[in-house]
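Structure, as structure tokens:
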Amino acid sequence: MSTQRIRMAKNDKLESYRVWDLPTRLFHWSLLLLVIACWWTAGEDGDIDWHMRCGYAVLALLLFRLVWGVLGSTTARFSSFVTSPRVVFEYLFGARENDALQAIGHNPAGGWMVLLLLGMLLLVSVTGLFANDDIMSEGPLAHYVSERYSDLSTSWHESGFYLLLVLVGLHIAAIAFYLLVKKENLVQPMLTGIKHLPRGIELRQLHPQKAWLALLILGCTSGAVWLLARFA
Ligand code: HEM
């Protein structure tokens, strides 16, 4: 497992550890911008063509992240941060006061939050493919299903987005909690890839995956989504 408890003494010397690779960081911040763009372009006053383009981009990114979760750098892999509910429980309630729980990668609770976020984003993206706006636009797969199913998909697409907002709210609240209460800045590593931890501690280091592989995967997932949008 990629996390471990470390008791931090006040005068510990800090060292820089690489925590997140560039593809994972670019994925995160592009996803944030694209989700905002999807929200901005949705609804009656929005622009459905741009909404669909941004939605396709979100889908391509998500598919990339799923593959990167298997083939990517160690901290991006699902196997490094998906733990059993018992581990999450122990992490949340077992930590004694004054213990600093540091992690190379997602902590056990954060790992499950990542799964929830990715799952909800996937649900919203996939239901969008079958949705219709009751006027003249519909997702590329809507004509393969009955009108009833397409309407159902549309309502899941909309409610799923509100659920996603709730999860994003929780996600940001957790990050603020770490910053304000645990005095641990998680945002900086997601920006720079680097985390500062006490020198000499035994941690599993990040093993970065090749950048060309990330580009290849993104190329394939973007191509697949483009084919879907163009020819389905
Ligand atoms: C639409 C809004 C957002 C979505 C959908 C989202 C989604 C995600 C996802 C999927 C991850 C996992 C990254 C990965 O392993 O690939 C993640 C991690 C993270 N996000 Fe966000 N995020 C959003 C907004 C934000 C914002 C506004 C911030 C900063 C204030 C932020 C800060 C972080 C940080 C610091 C992590 C790493 C947490 C850790 O250290 O385990 N996110 N986010």
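Ordering of the structure tokens sets the chain letters (A, B, ...), residue numbers begin anew at 1 in every chain, and ligands are numbered from 1 in the order given.
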Looking only at strand (DSSP E or B) from DSSP on the backbone, list the matching residues of range 49-210 of chain A as a PyMOL selection string.
chain A and resi 100-103+132+138+194-198
Just the selected residues (C-alpha atoms), exported as a PDB file, in the first residue's frame, please.
```
ATOM      1  CA  ALA A 100       0.503  13.360  11.112  1.00  0.00           C
ATOM      2  CA  LEU A 101      -0.812  11.027   8.479  1.00  0.00           C
ATOM      3  CA  GLN A 102       1.092  11.718   5.328  1.00  0.00           C
ATOM      4  CA  ALA A 103       0.677   9.946   2.102  1.00  0.00           C
ATOM      5  CA  ASN A 132     -32.305  14.582 -25.690  1.00  0.00           C
ATOM      6  CA  GLU A 138     -29.853  14.623 -28.858  1.00  0.00           C
ATOM      7  CA  ILE A 194       5.836  17.651  -5.247  1.00  0.00           C
ATOM      8  CA  LYS A 195       5.110  17.080  -1.566  1.00  0.00           C
ATOM      9  CA  HIS A 196       7.385  18.028   1.341  1.00  0.00           C
ATOM     10  CA  LEU A 197       7.835  15.273   3.921  1.00  0.00           C
ATOM     11  CA  PRO A 198      10.369  14.572   6.698  1.00  0.00           C
TER      12      PRO A 198
END
```
All residues having an atom within 9 Å of ligand 1 (only C-alpha atoms and all ligand atoms) as a PyMOL selection string:
chain A and resi 19-20+23-25+27-29+31-36+62+65-66+68-69+75-78+81+103-111+113-118+121+164-165+167-169+171-176+185-191
Between CA of Lys13 in chain A and CA of Arg199 in chain A, distance in Å (one decimal)
5.6 Å
Could the residues of range 51-72 of chain A that have an atom at most 10 Å from range 205-227 of chain A be listed as JSON lines, each with its closest atom pair and the distance in Å to one decimal, counting only C-alpha atoms and ordered by chain and ascending residue number?
```
{"residue": "A:Arg53", "atom": "CA", "partner": "A:Trp226", "partner_atom": "CA", "distance": 9.7}
{"residue": "A:Tyr56", "atom": "CA", "partner": "A:Val225", "partner_atom": "CA", "distance": 6.5}
{"residue": "A:Ala57", "atom": "CA", "partner": "A:Ser222", "partner_atom": "CA", "distance": 7.5}
{"residue": "A:Val58", "atom": "CA", "partner": "A:Ser222", "partner_atom": "CA", "distance": 9.8}
{"residue": "A:Leu59", "atom": "CA", "partner": "A:Val225", "partner_atom": "CA", "distance": 7.3}
{"residue": "A:Ala60", "atom": "CA", "partner": "A:Ser222", "partner_atom": "CA", "distance": 5.0}
{"residue": "A:Leu61", "atom": "CA", "partner": "A:Leu218", "partner_atom": "CA", "distance": 7.2}
{"residue": "A:Leu62", "atom": "CA", "partner": "A:Thr221", "partner_atom": "CA", "distance": 8.8}
{"residue": "A:Leu63", "atom": "CA", "partner": "A:Thr221", "partner_atom": "CA", "distance": 6.1}
{"residue": "A:Phe64", "atom": "CA", "partner": "A:Leu218", "partner_atom": "CA", "distance": 5.4}
{"residue": "A:Arg65", "atom": "CA", "partner": "A:Leu218", "partner_atom": "CA", "distance": 8.8}
{"residue": "A:Val67", "atom": "CA", "partner": "A:Ile217", "partner_atom": "CA", "distance": 7.4}
{"residue": "A:Trp68", "atom": "CA", "partner": "A:Ala214", "partner_atom": "CA", "distance": 7.3}
{"residue": "A:Leu71", "atom": "CA", "partner": "A:Gln209", "partner_atom": "CA", "distance": 7.9}
{"residue": "A:Gly72", "atom": "CA", "partner": "A:Gln209", "partner_atom": "CA", "distance": 5.5}
```
Restricted to C-alpha atoms, what would the selected residues look like written as a short mmCIF file (atom, residue, chain, number, x, y, z; two decimals), in the first residue's frame?
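That gives us part_6.cif:
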```cif
data_model
loop_
_atom_site.label_atom_id
_atom_site.label_comp_id
_atom_site.auth_asym_id
_atom_site.auth_seq_id
_atom_site.Cartn_x
_atom_site.Cartn_y
_atom_site.Cartn_z
CA ARG A 53 -18.14 19.09 -27.42
CA TYR A 56 -17.04 14.48 -25.37
CA ALA A 57 -13.79 15.92 -24.04
CA VAL A 58 -14.78 14.94 -20.48
CA LEU A 59 -15.56 11.40 -21.67
CA ALA A 60 -12.22 11.11 -23.50
CA LEU A 61 -10.40 12.31 -20.35
CA LEU A 62 -12.31 9.89 -18.13
CA LEU A 63 -11.54 6.93 -20.39
CA PHE A 64 -7.90 8.04 -20.36
CA ARG A 65 -7.95 8.12 -16.53
CA VAL A 67 -6.66 3.19 -18.47
CA TRP A 68 -4.04 5.32 -16.66
CA LEU A 71 -1.07 1.30 -16.72
CA GLY A 72 0.00 4.69 -15.32
#
```
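Here CA of Thr83 in chain A stands at a distance of 15.1 Å from CA of Val70 in chain A.
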Picked from range 90-179 of chain A by DSSP as alpha helix (DSSP H), as JSON, numbers by chain:
{"A": [90, 91, 92, 93, 94, 108, 109, 110, 111, 112, 113, 114, 115, 116, 117, 118, 119, 120, 121, 122, 123, 124, 125, 126, 127, 128, 129, 130, 147, 148, 149, 150, 151, 152, 153, 154, 155, 156, 157, 158, 159, 160, 161, 162, 163, 164, 165, 166, 167, 168, 169, 170, 171, 172, 173, 174, 175, 176, 177, 178, 179]}
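Shell of Gly139 in chain A at 12 Å, with only C-alpha atoms counted and residues fewer than 6 places along the chain excluded, is Ile48, Asp49, His51, Met52, Arg53, Gly55, Tyr56, Ser125, Val126, Thr127, Gly128, Leu129, Phe130, Ala131, Asn132, Asp133, Val145, Ser150, Asp151, Ser153, Thr154, His157, Leu228, Ala229, Arg230, Phe231 and Ala232 of chain A.
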Export of the given selection (C-alpha atoms) as a PDB file, in the first residue's frame:
```pdb
ATOM      1  CA  ILE A  48     -25.859  22.753 -26.810  1.00  0.00           C
ATOM      2  CA  ASP A  49     -23.204  22.236 -29.510  1.00  0.00           C
ATOM      3  CA  HIS A  51     -22.015  21.541 -24.302  1.00  0.00           C
ATOM      4  CA  MET A  52     -21.719  18.333 -26.323  1.00  0.00           C
ATOM      5  CA  ARG A  53     -18.145  19.092 -27.416  1.00  0.00           C
ATOM      6  CA  GLY A  55     -18.963  16.514 -22.768  1.00  0.00           C
ATOM      7  CA  TYR A  56     -17.043  14.483 -25.369  1.00  0.00           C
ATOM      8  CA  SER A 125     -21.151  11.501 -19.429  1.00  0.00           C
ATOM      9  CA  VAL A 126     -22.648   8.184 -20.554  1.00  0.00           C
ATOM     10  CA  THR A 127     -26.268   9.198 -19.890  1.00  0.00           C
ATOM     11  CA  GLY A 128     -25.542  12.360 -21.914  1.00  0.00           C
ATOM     12  CA  LEU A 129     -24.878  10.150 -24.947  1.00  0.00           C
ATOM     13  CA  PHE A 130     -28.481   8.888 -24.788  1.00  0.00           C
ATOM     14  CA  ALA A 131     -30.111  12.173 -23.703  1.00  0.00           C
ATOM     15  CA  ASN A 132     -32.305  14.582 -25.690  1.00  0.00           C
ATOM     16  CA  ASP A 133     -33.279  18.207 -25.098  1.00  0.00           C
ATOM     17  CA  VAL A 145     -33.013   3.541 -27.690  1.00  0.00           C
ATOM     18  CA  SER A 150     -33.823   8.548 -23.745  1.00  0.00           C
ATOM     19  CA  ASP A 151     -36.037  10.684 -21.448  1.00  0.00           C
ATOM     20  CA  SER A 153     -31.350   9.019 -19.464  1.00  0.00           C
ATOM     21  CA  THR A 154     -31.899  12.783 -19.714  1.00  0.00           C
ATOM     22  CA  HIS A 157     -27.945  13.122 -16.753  1.00  0.00           C
ATOM     23  CA  LEU A 228     -18.584   7.785 -31.583  1.00  0.00           C
ATOM     24  CA  ALA A 229     -19.612  11.423 -31.990  1.00  0.00           C
ATOM     25  CA  ARG A 230     -19.102  11.398 -35.760  1.00  0.00           C
ATOM     26  CA  PHE A 231     -20.446   8.047 -36.895  1.00  0.00           C
ATOM     27  CA  ALA A 232     -22.760   6.576 -34.230  1.00  0.00           C
TER      28      ALA A 232
END
```
